[in-house]
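> Below you will find the structure I want to go over with you.
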Amino acid sequence: MSFASFAALSLQNALGVPSTKIPIDSITFVSYILPPLVCYFVVAVLAVTPQTRIVRVALWPLVALLALRAALSVDMSLGKAEQKFNNVNCVLFMLSVAVRTLDWTLAKGPLVRHLRPANSSPSTIMDALDLASNFRGHGWEWSHYQSYIPRETRPANRMTFVFYTFLSAAAHALIAGTLLRVLLTLAPVGVLTPEGSTIFDESLPFLVGYIRATIISSLTGFVLYAVMQMTYDLCTIPAILVLGQDPAQWPPPFDAPWRATSLGDFWGHRWHQFFRHIFLLLGGYPLSFVLGRTGLIIGTFLGSVVWHYISLITLNSQADVWWMLVGFGMNAVGILAERAFHQLTGRKVGGVLGWAWTMAWLALWGNMIVEGFAREGMFGCWSPFGQGSPLGKSVERLVIDFDLWLHAF
C-alpha cells in the first residue's frame, strides 16, 4: 500500500467515513449533512459579530472535516446512475462550505452588510442568513475584488418586479427544455448513457465532426445559462413575496454573455459570478502573492479547474484532469493575451472583431470542457429532463433532418 493510499484510508477511518456511500434518508441527513450546515451558519453568525476571530479560527478545521465527511459519505443519487449528478451538487456545496468559512475565518474584523430590506433593523441572525446564501457578496464589504453586478432592467415596484421575474423563469424554462431536447437529439448515442462517451462523431469527416461537436458544446453552454437563470428566478420570487426581501437584493445573474467582446468581458462581467470568490480563494489569491496580477488570473482559473475536476471525479473517480486543466487554463492564456495586446497597442480588445475572437476562443476550448463532462456521463444525467418541452417534438424533427444532412458529407 502506498503512503497516499494509507493516508487516505487513515483519514477515512478518523472521520468515520463508510467504505461505501450511504443512500440519503432522514437519519443520514441528520448524521452527515446537518452537522456541517449548522457549523456553516454558526461561522456566518461569528463572521458578522465583533471580536470572534479566535473562535472562528478554532472552529474552521471542524467545519472543513465535517464537510469532507459529508461529501465522502452520502449517496444523493440513491444508487441510480442517472441521478449521480446529485452527488456532484452535494460535493460542490460541501466544498463551498469549507472554502467560504475559511474566507470568513481569515477576515480580521466583522463582515459588514450595507444592503438590507427597507425599514428593517440590523439583525445578526438575518445578516448571517444573508451571508450564508449570498455567494456574490452583493450588499457586503468582504472582498478586495467585488463581483460585477449587472445593471437592473426590471421595474423597482415589488409586484411588477416579481411578475417580470416569473415571466423570465417561464421563458428560460421553455428555452432550457427546448435546447436540451435539441442537444440530446444531436449528441452521439453513447453520450446519453450514465457511463458517457465522446461528443465527436467519428463516422464524420474531421471538420464536419468538429463543427457538430462545437454545436453540441455551444448548446451545452446555453442550456447551463437558461437553467441557472430559471433557478435564480424561482429563488427570487419566494425571497421577495415570503421573506420580504427587496428587489435590489436580487440583481440579474447574467449580462447577455453572448454579447461579450473580449474574454475578460465574458468571464469578468457577463457570465455569472457566483463562484468568483471561491475560485479566488482556491487559486487566485495564493498565486497572486507570487506573480501579482498575472498570478491572480492564472490562479483563479486554476481554482475553476479544481472546482470542475471535483465535479468530474464525483461522476467517475478515474476521470482525467487534463480536459478541465486545458479547457479552463487556455482561457487564462487568452485573457493574458488580451492584456498583452492592450499593453502593446494601447487599445483594448472589443468591437466586432473582439466578439468574433471571444466566441471562437470559447468554442475552441469549450469543446474540451464539454468533452470531459460528456465522457463521464453528464448528459446521461440530463437525459430524463429533455422530454418535457412543448416545442420538443417539432424541434427534434428539424434536428434529425439537420443531422442527416451533416452525415451526407
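Chain lettering (A, B, ...) mirrors the order of the C-alpha cells, residue numbering begins at 1 for each chain separately, and ligand numbering begins at 1 in order of display.
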Which neighbours of stretch 35-45 of chain A fall inside 6 Å, counting only C-alpha atoms, when residues of the same chain fewer than 3 positions from it are skipped, and could you give them as a PyMOL selection string?
chain A and resi 48+63+66-67+128
> Now that the selection is made, can you save its residues with N, CA and C atoms as a PDB file, in the first residue's frame?

```pdb
ATOM      1  N   VAL A  48     -20.137  37.973  11.416  1.00  0.00           N
ATOM      2  CA  VAL A  48     -20.741  39.306  11.486  1.00  0.00           C
ATOM      3  C   VAL A  48     -20.737  39.848  12.914  1.00  0.00           C
ATOM      4  N   VAL A  63     -15.314  22.467  10.834  1.00  0.00           N
ATOM      5  CA  VAL A  63     -16.245  22.688   9.729  1.00  0.00           C
ATOM      6  C   VAL A  63     -15.735  21.980   8.471  1.00  0.00           C
ATOM      7  N   LEU A  66     -16.059  18.142   8.803  1.00  0.00           N
ATOM      8  CA  LEU A  66     -17.459  17.701   8.710  1.00  0.00           C
ATOM      9  C   LEU A  66     -17.967  17.797   7.273  1.00  0.00           C
ATOM     10  N   ALA A  67     -17.562  18.856   6.569  1.00  0.00           N
ATOM     11  CA  ALA A  67     -17.956  18.989   5.163  1.00  0.00           C
ATOM     12  C   ALA A  67     -17.345  17.873   4.323  1.00  0.00           C
ATOM     13  N   ALA A 128     -26.502  36.917   9.087  1.00  0.00           N
ATOM     14  CA  ALA A 128     -25.810  35.637   8.907  1.00  0.00           C
ATOM     15  C   ALA A 128     -26.499  34.790   7.840  1.00  0.00           C
TER      16      ALA A 128
END
```
> Pick out the closest residue to A:Asn316 from this set: A:Phe85, A:Phe266, A:Trp250, A:Trp142. Count only C-alpha atoms.
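Closest to A:Asn316 of all the choices is A:Phe85.
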> Using only C-alpha atoms for the distances, tell me which of A:Thr220, A:Thr294, A:Thr198, A:Thr153 is nearest to A:Arg181.
A:Thr220
> Rounded to one decimal, what separation in Å do you get between atom CA of A:Val399 and atom CA of A:Thr185?
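If I compute the distance from atom CA of A:Val399 to atom CA of A:Thr185, I get 7.0 Å.
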> List the spatial neighbours of stretch 334-347 of chain A as a ChimeraX atom specification - criterion: any atom at most 12 Å away, only C-alpha atoms, same-chain residues fewer than 2 positions off excluded.
/A:261-268,293-298,300-301,326-332,349-351,354,357-362,364-365
